[in-house]
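*Asks:* What follows is input-v8.cif; its format and atoms are mmCIF, C-alpha atoms.
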data_work
loop_
_atom_site.label_atom_id
_atom_site.label_comp_id
_atom_site.auth_asym_id
_atom_site.auth_seq_id
_atom_site.Cartn_x
_atom_site.Cartn_y
_atom_site.Cartn_z
CA ASP A 1 -21.06 -18.94 -13.56
CA PRO A 2 -23.86 -18.53 -16.16
CA ASN A 3 -26.01 -21.06 -14.27
CA GLN A 4 -25.75 -19.13 -11.00
CA THR A 5 -28.95 -17.43 -9.85
CA TYR A 6 -28.61 -13.69 -9.30
CA ARG A 7 -29.14 -12.61 -5.72
CA ALA A 8 -29.55 -8.90 -5.04
CA PRO A 9 -28.01 -7.13 -2.02
CA ARG A 10 -30.13 -7.72 1.10
CA ASN A 11 -28.87 -5.07 3.48
CA GLU A 12 -27.05 -1.74 3.68
CA ALA A 13 -23.54 -3.23 3.79
CA GLU A 14 -24.15 -5.46 0.76
CA GLN A 15 -25.69 -2.55 -1.17
CA ALA A 16 -22.67 -0.33 -0.42
CA LEU A 17 -20.18 -3.02 -1.44
CA ALA A 18 -22.12 -3.84 -4.61
CA ALA A 19 -22.13 -0.16 -5.65
CA ILE A 20 -18.36 0.07 -5.08
CA TRP A 21 -17.72 -3.09 -7.12
CA GLN A 22 -19.97 -1.92 -9.96
CA GLU A 23 -18.13 1.38 -10.29
CA LEU A 24 -14.59 0.04 -9.97
CA LEU A 25 -15.15 -3.09 -12.09
CA GLY A 26 -17.25 -1.32 -14.72
CA VAL A 27 -20.15 -3.78 -14.55
CA GLU A 28 -23.86 -2.96 -14.59
CA GLN A 29 -25.00 -5.42 -11.96
CA VAL A 30 -23.30 -7.26 -9.10
CA GLY A 31 -24.96 -10.09 -7.21
CA ILE A 32 -23.96 -10.98 -3.70
CA ASP A 33 -22.63 -14.37 -4.88
CA ASP A 34 -20.50 -12.98 -7.74
CA ASN A 35 -16.77 -13.55 -7.39
CA PHE A 36 -14.68 -10.37 -7.27
CA PHE A 37 -11.77 -11.75 -9.28
CA GLU A 38 -13.99 -13.48 -11.86
CA LEU A 39 -15.60 -10.07 -12.49
CA GLY A 40 -12.17 -8.66 -13.38
CA GLY A 41 -10.87 -7.60 -9.98
CA ASP A 42 -7.12 -7.42 -9.33
CA SER A 43 -4.75 -6.35 -6.57
CA ILE A 44 -4.88 -2.66 -7.51
CA ILE A 45 -8.69 -2.59 -7.53
CA THR A 46 -8.68 -4.50 -4.23
CA ILE A 47 -6.88 -1.58 -2.60
CA GLN A 48 -9.40 0.86 -4.07
CA VAL A 49 -12.31 -1.23 -2.77
CA VAL A 50 -10.85 -1.20 0.75
CA SER A 51 -10.26 2.56 0.59
CA ARG A 52 -13.79 3.38 -0.59
CA ALA A 53 -15.40 0.97 1.86
CA ARG A 54 -13.54 2.58 4.76
CA LYS A 55 -14.76 6.02 3.69
CA GLN A 56 -18.29 4.67 4.15
CA GLY A 57 -17.47 3.23 7.56
CA TYR A 58 -16.88 -0.39 6.58
CA ILE A 59 -13.49 -1.53 7.87
CA LEU A 60 -11.81 -4.08 5.60
CA GLN A 61 -8.28 -5.28 4.98
CA VAL A 62 -6.89 -6.03 1.52
CA SER A 63 -6.43 -9.65 2.59
CA ASP A 64 -10.17 -9.90 3.32
CA LEU A 65 -10.99 -9.73 -0.39
CA PHE A 66 -8.71 -12.67 -1.07
CA SER A 67 -10.28 -14.81 1.65
CA SER A 68 -13.87 -13.60 1.16
CA GLN A 69 -14.34 -13.08 -2.57
CA THR A 70 -18.10 -12.43 -2.73
CA ILE A 71 -20.26 -9.59 -1.42
CA ALA A 72 -22.15 -12.00 0.83
CA GLN A 73 -18.94 -13.27 2.43
CA LEU A 74 -17.47 -9.78 2.84
CA ALA A 75 -20.63 -8.33 4.38
CA ALA A 76 -20.81 -11.26 6.81
CA LEU A 77 -17.17 -10.66 7.73
CA ILE A 78 -17.86 -6.98 8.42
CA THR A 79 -20.89 -7.87 10.58
CA SER A 80 -18.85 -10.48 12.46
CA GLN A 81 -16.07 -8.00 13.15
CA GLN A 82 -18.53 -5.39 14.43
CA THR A 83 -20.20 -7.92 16.68
CA ASN A 84 -17.04 -9.45 18.10
CA ASP A 85 -14.97 -6.36 18.62
CA ASN A 86 -15.92 -2.71 18.24
CA LYS A 87 -12.22 -1.89 17.95
CA THR A 88 -12.35 -2.91 14.32
CA GLN A 89 -14.30 0.25 13.60
CA THR A 90 -11.26 2.40 14.30
CA GLU A 91 -7.91 2.21 12.55
CA GLN A 92 -4.69 2.18 14.52
CA GLY A 93 -2.97 5.50 14.05
CA LEU A 94 0.52 5.75 12.60
CA LEU A 95 3.18 4.81 15.12
CA SER A 96 5.44 7.63 16.27
CA GLY A 97 8.36 8.26 18.57
CA PRO A 98 11.80 6.68 19.12
CA VAL A 99 12.54 3.01 18.48
CA ARG A 100 15.48 1.07 19.94
CA LEU A 101 18.13 0.13 17.38
CA LEU A 102 18.72 -3.54 16.61
CA PRO A 103 22.27 -4.80 17.28
CA ILE A 104 23.00 -5.01 13.54
CA GLN A 105 21.81 -1.41 13.11
CA GLN A 106 24.03 -0.24 15.97
CA TRP A 107 26.99 -1.98 14.38
CA PHE A 108 26.33 -0.57 10.91
CA LEU A 109 25.69 3.01 12.02
CA GLY A 110 28.74 2.88 14.28
CA GLN A 111 31.16 2.12 11.42
CA ASP A 112 31.79 5.84 10.84
CA GLN A 113 31.93 5.36 7.09
CA GLY A 114 31.38 8.14 4.60
CA GLY A 115 28.37 8.28 2.33
CA ILE A 116 26.13 6.38 4.72
CA ASN A 117 23.04 7.55 2.79
CA HIS A 118 24.20 5.59 -0.25
CA TYR A 119 24.08 2.16 1.40
CA ASN A 120 20.73 1.30 -0.16
CA GLN A 121 19.23 -0.82 -2.88
CA ASP A 122 17.24 0.24 -5.89
CA VAL A 123 15.36 -1.86 -8.39
CA LEU A 124 13.93 -1.17 -11.84
CA LEU A 125 10.41 -2.48 -12.38
CA GLN A 126 8.25 -2.47 -15.49
CA ILE A 127 4.50 -2.10 -14.98
CA ASP A 128 1.39 -1.85 -17.12
CA LYS A 129 1.26 1.68 -18.51
CA SER A 130 -2.49 1.84 -17.82
CA ILE A 131 -1.70 2.13 -14.09
CA THR A 132 -1.77 5.81 -13.18
CA GLY A 133 0.47 7.79 -10.86
CA GLU A 134 -2.54 8.35 -8.59
CA GLU A 135 -3.07 4.58 -8.28
CA LEU A 136 0.61 4.04 -7.48
CA ASN A 137 0.45 6.75 -4.83
CA THR A 138 -2.53 4.95 -3.27
CA VAL A 139 -0.58 1.68 -3.19
CA LEU A 140 2.45 3.36 -1.60
CA ARG A 141 0.33 5.08 1.06
CA PHE A 142 -1.20 1.72 2.01
CA LEU A 143 2.23 0.12 2.17
CA VAL A 144 3.62 2.81 4.44
CA ALA A 145 0.50 2.73 6.64
CA HIS A 146 0.83 -1.05 6.99
CA HIS A 147 4.62 -1.24 7.36
CA ASP A 148 5.61 1.54 9.78
CA GLY A 149 9.26 0.57 9.42
CA LEU A 150 9.27 2.21 5.98
CA ARG A 151 8.96 5.60 7.73
CA MET A 152 12.07 5.20 9.91
CA ARG A 153 14.51 8.09 10.04
CA TYR A 154 17.85 8.44 11.81
CA GLN A 155 19.54 11.26 13.70
CA GLN A 156 23.04 11.44 15.16
CA SER A 157 23.32 13.08 18.57
CA GLU A 158 26.51 13.16 20.66
CA ASN A 159 28.08 10.36 18.58
CA GLN A 160 25.02 8.21 19.09
CA TRP A 161 22.50 7.29 16.40
CA LEU A 162 18.80 7.51 17.22
CA GLN A 163 15.97 5.85 15.28
CA GLU A 164 12.40 7.11 15.22
CA TYR A 165 9.21 6.88 13.19
CA GLY A 166 8.99 9.77 10.75
CA SER A 167 5.93 11.37 9.22
CA CYS A 168 7.17 11.52 5.63
CA GLN A 169 4.70 10.11 3.11
CA PRO A 170 5.74 8.61 -0.24
CA SER A 171 4.97 10.27 -3.54
CA ILE A 172 5.50 9.39 -7.18
CA GLN A 173 7.98 11.37 -9.24
CA LEU A 174 7.33 11.31 -12.99
CA TYR A 175 10.07 11.77 -15.58
CA GLU A 176 9.58 12.21 -19.31
CA ILE A 177 12.32 10.78 -21.48
CA GLU A 178 13.00 11.74 -25.08
CA ALA A 179 15.50 9.41 -26.71
CA ALA A 180 16.49 8.61 -30.28
CA ASP A 181 16.84 4.88 -29.66
CA GLU A 182 16.51 2.16 -27.04
CA GLN A 183 20.12 2.47 -25.93
CA SER A 184 19.77 6.20 -25.30
CA ALA A 185 16.53 5.61 -23.39
CA ALA A 186 18.20 2.96 -21.21
CA ALA A 187 21.08 5.34 -20.45
CA ALA A 188 18.64 8.12 -19.51
CA ILE A 189 16.69 5.78 -17.20
CA ASN A 190 19.93 4.66 -15.56
CA ASN A 191 20.99 8.27 -14.97
CA ILE A 192 17.65 9.09 -13.36
CA GLY A 193 17.83 6.00 -11.18
CA THR A 194 21.33 6.87 -10.02
CA SER A 195 20.28 10.45 -9.22
CA VAL A 196 17.23 9.31 -7.22
CA GLN A 197 19.25 6.68 -5.32
CA GLN A 198 21.88 9.25 -4.39
CA SER A 199 19.22 11.66 -3.13
CA LEU A 200 18.24 9.38 -0.21
CA ASP A 201 18.68 11.05 3.18
CA ILE A 202 18.30 8.75 6.18
CA THR A 203 17.72 11.74 8.49
CA SER A 204 14.41 12.45 6.73
#
In structure tokens, how does this file's structure come out?
*Replies:*
Amino acid sequence: DPNQTYRAPRNEAEQALAAIWQELLGVEQVGIDDNFFELGGDSIITIQVVSRARKQGYILQVSDLFSSQTIAQLAALITSQQTNDNKTQTEQGLLSGPVRLLPIQQWFLGQDQGGINHYNQDVLLQIDKSITGEELNTVLRFLVAHHDGLRMRYQQSENQWLQEYGSCQPSIQLYEIEAADEQSAAAAINNIGTSVQQSLDITS
């Protein structure tokens, strides 16, 4: 808002957040009433903000930037969390150990069918080419940290299937395709997708 009066950061938390926003959004000055998304913020940058804030000791969730879109609101949220519950200063570690199978999982794994690794779904997505592999890796790490079920692995012992949280972390695989035309490129992408899908191993 061009009519909005600039208000500078008033405390350490607001100064830290303003510096993070300035660097990630590429702006020279951030006031505590400026809106993150109006300054050019998006979901990818939101994840980066949360990551950098946590490195400086300020615990935020990605959802916090959607509900509190200004520095003033975010800093107040951080202060409120610190006051109400010191537990917010420490992240819950990754879950580990065995997990009881759901009835539908017991039924599926007990079918004794071949090629059990291949019962999966894959999807082809198109994204902005300006998004880097490093940024995608950051997104995937946050997803796996938030949804522990994505790390499940399965072992068969004495004709019984066991489910447990694994420690495997996701990583991006990059493929370069040289094709004479669009049809050849589509075929190459399909072949890569099929190969990756068939490489899934539920034991790891």
*Asks:* Counting only C-alpha atoms, which of A:Val62, A:Val144, A:Ala19, A:Ala180 gets nearest to Gly31 in chain A?
*Replies:*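 Checking each of A:Val62, A:Val144, A:Ala19, A:Ala180 against Gly31 in chain A, counting only C-alpha atoms, the winner is A:Ala19.
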*Asks:* What is the distance, in Å and to one decimal place, between CA of Phe142 in chain A and CA of Ile47 in chain A?
*Replies:* 8.0 Å
*Asks:* Give as a PyMOL selection string the set of residues within 9 Å of the point (11.3, 8.1, 9.0), where distances use the file's coordinates and all atoms listed in the file.
*Replies:* chain A and resi 148-154+163-168+202-204
*Asks:* Find the spatial neighbours of range 120-137 of chain A, counting all atoms listed in the file, within a cut-off of 9 Å - ignore same-chain residues fewer than 2 positions away - and output them as a VMD selection string.
*Replies:* chain A and resid 44 48 116 to 118 139 to 142 170 to 174 193 to 194 197 200
*Asks:* What is the distance between CA of Gly40 in chain A and CA of Tyr6 in chain A, in Å to one decimal?
*Replies:*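 Separating CA of Gly40 in chain A from CA of Tyr6 in chain A is a distance of 17.7 Å.
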*Asks:* Taking the file as I've supplied it (selection: the PyMOL selection byres ((chain A and resi 7-15) around 8)), which residues are included? Please answer as a list in words.
*Replies:* Thr5, Tyr6, Ala16, Leu17, Ala18, Ala19, Val30, Gly31, Ile32, Asp33, Tyr58, Ile71, Ala72 and Ala75 of chain A
*Asks:* Can I get the selection written as a compact mmCIF listing (two decimals), in the frame of the given file, with C-alpha atoms?
*Replies:*
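To be explicit, this is the file written out as part_23.txt:
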# COMPACT_ATOMS: atom_id res chain seq x y z
CA THR A 5 -28.95 -17.43 -9.85
CA TYR A 6 -28.61 -13.69 -9.30
CA ALA A 16 -22.67 -0.33 -0.42
CA LEU A 17 -20.18 -3.02 -1.44
CA ALA A 18 -22.12 -3.84 -4.61
CA ALA A 19 -22.13 -0.16 -5.65
CA VAL A 30 -23.30 -7.26 -9.10
CA GLY A 31 -24.96 -10.09 -7.21
CA ILE A 32 -23.96 -10.98 -3.70
CA ASP A 33 -22.63 -14.37 -4.88
CA TYR A 58 -16.88 -0.39 6.58
CA ILE A 71 -20.26 -9.59 -1.42
CA ALA A 72 -22.15 -12.00 0.83
CA ALA A 75 -20.63 -8.33 4.38
*Asks:* Quick one: of A:Asp201, A:His146, A:Trp21, A:Phe108, who's nearest to Gln61 in chain A, counting only C-alpha atoms?
*Replies:*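 Smallest separation from Gln61 in chain A among the options: A:His146.
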*Asks:* Please compute the CA of Leu109 in chain A-CA of Trp161 in chain A distance, one decimal, in Å.
*Replies:*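 About the pair CA of Leu109 in chain A and CA of Trp161 in chain A: they are 6.9 Å apart.
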*Asks:* Near Phe66 in chain A, counting all atoms listed in the file, which residues have an atom at most 9 Å away, once you skip same-chain residues fewer than 5 positions from it, shown as JSON, numbers by chain?
*Replies:* {"A": [36, 37, 46]}
*Asks:* So which residues are close to (10.1, 11.9, -18.9), meaning at most 12 Å away in the file's coordinates with all atoms listed in the file counted, and can you show them as a tab-separated table (two decimals) with C-alpha atoms, in the frame of the given file?
*Replies:*
chain	number	residue	atom	x	y	z
A	173	GLN	CA	7.98	11.37	-9.24
A	174	LEU	CA	7.33	11.31	-12.99
A	175	TYR	CA	10.07	11.77	-15.58
A	176	GLU	CA	9.58	12.21	-19.31
A	177	ILE	CA	12.32	10.78	-21.48
A	178	GLU	CA	13.00	11.74	-25.08
A	179	ALA	CA	15.50	9.41	-26.71
A	185	ALA	CA	16.53	5.61	-23.39
A	188	ALA	CA	18.64	8.12	-19.51
A	189	ILE	CA	16.69	5.78	-17.20
A	192	ILE	CA	17.65	9.09	-13.36
*Asks:* Box time for range 171-178 of chain A: axis-aligned, enclosing all its listed atoms, 5 Å extra on each side; report centre and edge lengths in Å to one decimal, as lines of an AutoDock Vina configuration file.
*Replies:*
center_x = 9.0
center_y = 10.8
center_z = -14.3
size_x = 18.0
size_y = 12.8
size_z = 31.5
*Asks:* Counting all atoms listed in the file, figure out which residue out of A:Gln29, A:Asn35, A:Gln160, A:Asn190 gets nearest to Trp107 in chain A.
*Replies:* A:Gln160
*Asks:* With only C-alpha atoms as the basis for distance, which of A:Ile45, A:Ile20, A:Leu25, A:Ala145 is at the shortest distance from Leu95 in chain A?
*Replies:*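 With only C-alpha atoms as the atom set, the closest residue is A:Ala145.
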*Asks:* Of the candidates A:Leu162, A:Leu77, A:Leu24, A:Leu102, which shows the shortest atom-to-atom distance to Ser51 in chain A, using only C-alpha atoms?
*Replies:*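 Smallest distance to Ser51 in chain A is found for A:Leu24.
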